[in-house]
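Q: What follows is a single structure, and I will ask about it in a moment.
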Amino acid sequence: MTDQVRLYEQLTEIFNDVFLREDMKLTPELSARDVEGWDSFKQIEIMVSVEERFGIKLNTREIDGLRNVGDLADVVTRKAR
Amino acid sequence: MEQLRWLPQVEDWRARLRALSTAADPWPRAVALAKARLDFTHTSALDETLRRALDGAVPDGTATTPVRLAILGSATLAHLHAGIRVAGLRRDIHVATYENAYGQYLQELLDGGSALHRFRPNAVLFAFDAYHLTQGLHAALPEAEGEAMLADTLARIRRCWTLAQAAFGCPVMQQAALDVFAPLLGSNEHRLPGSRGRFVARLNERLREAADATGVDLVAVDDAARRDGMANWHDPALWHRSRQEVSPALSPTYGELVARVIAARRGRSAKCLVLDLDNTLWGGAIGDDGLDGIVLGQGSPLGEGFLAVQDYARDLARRGVILAVSSKNDAACALKPFERHPDMVLRRADIASFRANWDDKAANLRAIAHDLNIGLDAMVFLDDNPFERNLVREQLPMVAVPEVPDDDPARVPGVLADAGYFESLGITADDLKRGAQYQDNRARDGLRAAATDMEGYLRALDMRLVWNRFDSLGQARVVQLINKTNQFNLTTRRHQDADVAAVAADPQAFGLQLRLLDRFGDNGMIAVVIGRLTAPDTVTIDTWLMSCRVLGRGVERTTLNVVAAQARALGAARLVGEYLPTGRNGMVREHYDRLGFAPLTDGPSGARTAVLDLTAFTPQTTLIHLSEGFAP
């Protein structure tokens, strides 16, 4: 299993927890527009969960720069090294 | 930051959450799930899943009437509701929450037709963010203006309390202000009149006085943040992003602090701390290691850790928490440290209900609850053994059972405090008297009951003491016992193989090896006695030793019956016993006195001798059946 596959599994788990679903399919292109209920409040929940699970802190610029799941995966990959 | 560290890790989280979502009885399942160490995301997920499963229904038969909590504040608080509701859930309390429209707390309080009034809260929490409270303050502000601002801020908050109390007639809580600000001077920040940090510190002090005067309860997030670190509590980036003063990640902790005060106000705090003994109050096992072998007291880091546990427990008792003991131990053995260990902080009189036996812990906790006439849900059970903790969690889910991080006694006081089991809104005269009350009760009926219990217990043990003269078969074990027994050892003479063989062959002497059996099995060889004719009418006991595992069962008296018969068989009219102190055998200093010997000599070094008149001695009845020859 590559690190990317593992990372997407972990992110999928977080998204399923945050959106209370079991069937989310995370792709790099997936963004807030595609998911019902992904508002600014959920966005913060996702960020906090990611920070807790990966033991990292995301700064304001990084969060503002996120357009989709792919961007999030990139930031986590960079910071969680 | 590891939150809720006193709760066990959740297992099968996803499966249990799924089961909850379709269950006919979602509430008790959710209560059970809430008693796990949930992070922010899991807390939100549990809260939302339960909300959907209940579908607007309020469950019946919860611990208190449902709570309708209005959270009134100046910034975003929506991220804290789930934490509060789940912390209520953890206590079997249903909490519905309401939050004022952003910034509109005063308007809603004043407007009788507002959504707040329609919500009909039966509890109110004021949670003002520090930015709001310090508005207008700046570094160049003259002292007098700072003072005026402080008085004004306090007056505005008090007005809110008065309005809420008048409108809803319910308990009011005030969250302390958080010092989220970067200091301007540094260590001596208090010397800058316009410092926001200084303002917050002074406001919190005044808030406490005002709260005491008006019956408002404080939610001390300032103390919590000091312990946890402000960086964990407050993230300035999140403040700028979403006006969340308390970090969402901390929602489980925030919820705990609030729910505790709500529960305490409704009389739902725990009342009794039940303590295990071995490796909880001291290091090692009293039954195996003996009074001198357990680790307790100054001089070792571990011993001091256990001392700290006892100190904390005693202070809890002094402020009204009832202490009890549940230990898998021989009762007499378990009592020994309380009665004789010089470093013990807790004494027998501090323990309102003392259960040391071989029954399972769930049965003992029920018995303690019955003894003390309190509910099982008012009990906290502290035990180092994960097996016992899980057994109690499974059989008595209403009993609170804290985890002990790293299995280190040094962490126990902090964990008990963090868990907030004994949250109390003040101290009453009754609280301070409680310890004494239980002691009186115990003195009246407890001792008799305990004695009866003990006798019944010993009788039920169906004990058999099987004795034999020294023989080659038992010699190795006899020599081993002679050389390793330190505590119950009257003379500590370290005889070797040749000495033991010599006793066996000596017609003027007897060597006895004794074995104890009971319904739980064979305890093996537990005592050795050597007697020798030292004058034509006198047998002197050269050696008498016993394993501490069988203390408190009457083995000594039964053994004396054998020893007296053996001495008489040698023609003796007098039986003389010696005690030679070693520093480790203080527990048997009065051994012969207890058996009815008369003191003979008292040496300057503490050595003593005592004599028993064999012509007047009649064998005593004990609860132990005696027989000669080895058991099958």
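By convention in this document, the chains of the structure tokens carry letters A, B, ... by their order, each chain's residues are numbered from 1, and ligands are numbered from 1 in the order they are shown.
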Residues of chain A within 9 Å of chain B, counting only C-alpha atoms, what are they? List them as a list in words.

A: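 In the required form, that comes to Ile14, Asp17, Val18, Phe19, Leu20, Ser40, Phe41, Ile44, Glu45, Ile46, Val48, Ser49, Glu52, Asn59 and Thr60 of chain A.
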
Q: Among stretch 14-60 of chain A, which residues carry a DSSP assignment of alpha helix (DSSP H), reported as a list in words?

A: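 In stretch 14-60 of chain A, DSSP puts these residues in alpha helix (DSSP H): Ile14, Phe15, Asn16, Asp17, Val18, Phe19, Ser40, Phe41, Lys42, Gln43, Ile44, Glu45, Ile46, Met47, Val48, Ser49, Val50, Glu51, Glu52, Arg53, Phe54 and Thr60 of chain A.
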
Q: Work out how far apart atom CA of B:Val274 and atom CA of B:Ser326 are and give it in Å to one decimal.

A: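 Computing the Euclidean distance for atom CA of B:Val274 and atom CA of B:Ser326 yields 6.5 Å.
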
Q: To test your reading of the structure, identify every residue in stretch 514-615 of chain B that backbone DSSP assigns to strand (DSSP E), and report it as a ChimeraX atom specification.

A: /B:514-518,521-535,538-546,574-579,598-602,608-613

Q: When you look at B:Ile530 with a cut-off of 7 Å (counting only C-alpha atoms), what residues show up, excluding the ones that are within fewer than 2 positions of it in the same chain? I need them as number ranges by chain.

A: B: 510-512, 528, 532, 541-544

Q: Within 9 Å of B:Ala264, counting only C-alpha atoms, which residues show up once you throw out same-chain ones fewer than 5 positions away? Write them as a list of chain:residue names, please.

A: B:Ala259, B:Ser269, B:Ala270, B:Phe422, B:Glu423, B:Ser424, B:Leu425

Q: Can you tell me which residues surround B:Arg355 at a distance of at most 8 Å, considering only C-alpha atoms, apart from same-chain residues fewer than 3 positions away, and format the answer as a PDB file with C-alpha atoms, in the first residue's frame?

A:
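Output saved as out17.pdb:
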ATOM      1  CA  ALA B 324     -14.055   2.734  51.239  1.00  0.00           C
ATOM      2  CA  VAL B 325     -11.746  -0.184  50.517  1.00  0.00           C
ATOM      3  CA  SER B 326     -12.267  -3.149  48.248  1.00  0.00           C
ATOM      4  CA  SER B 327      -9.314  -5.490  48.129  1.00  0.00           C
ATOM      5  CA  ALA B 331      -8.833  -9.314  55.805  1.00  0.00           C
ATOM      6  CA  ASN B 364     -17.931  -5.953  47.135  1.00  0.00           C
ATOM      7  CA  ILE B 368     -20.152  -1.164  50.166  1.00  0.00           C
TER       8      ILE B 368
END

Q: Looking at only C-alpha atoms, which of B:Arg198, B:Arg340, B:Arg493, B:Arg515 is the one that sits closest to B:Glu628?

A: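 Counting only C-alpha atoms, the residue closest to B:Glu628 is B:Arg515.
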
Q: Tell me which protein, DNA and RNA residues are within 12 Å of A:Gln4, counting only C-alpha atoms, leaving out same-chain ones fewer than 2 positions away, and put them as a PyMOL selection string.

A: chain A and resi 1-2+6-11+26-28+70+73-74+76-78

Q: Counting only C-alpha atoms, what is within 7 Å of stretch 66-68 of chain B, bar same-chain residues fewer than 4 positions away, as a PyMOL selection string?

A: chain B and resi 93-97+121-123

Q: In Å, with one decimal, what is the gap from atom CA of B:Leu335 to atom CA of B:Asp278?

A: 11.6 Å

Q: I need the residue nearest A:Arg53 from this list: A:Glu13, A:Asp71, A:Glu29, A:Asp39. Use only C-alpha atoms for the distance.

A: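 So, comparing all the options, the nearest one is A:Glu13.
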
Q: Report, in Å to a single decimal, how far apart atom CA of B:Leu163 and atom CA of B:Asp111 are.

A: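 Computing the Euclidean distance for atom CA of B:Asp111 and atom CA of B:Leu163 yields 10.6 Å.
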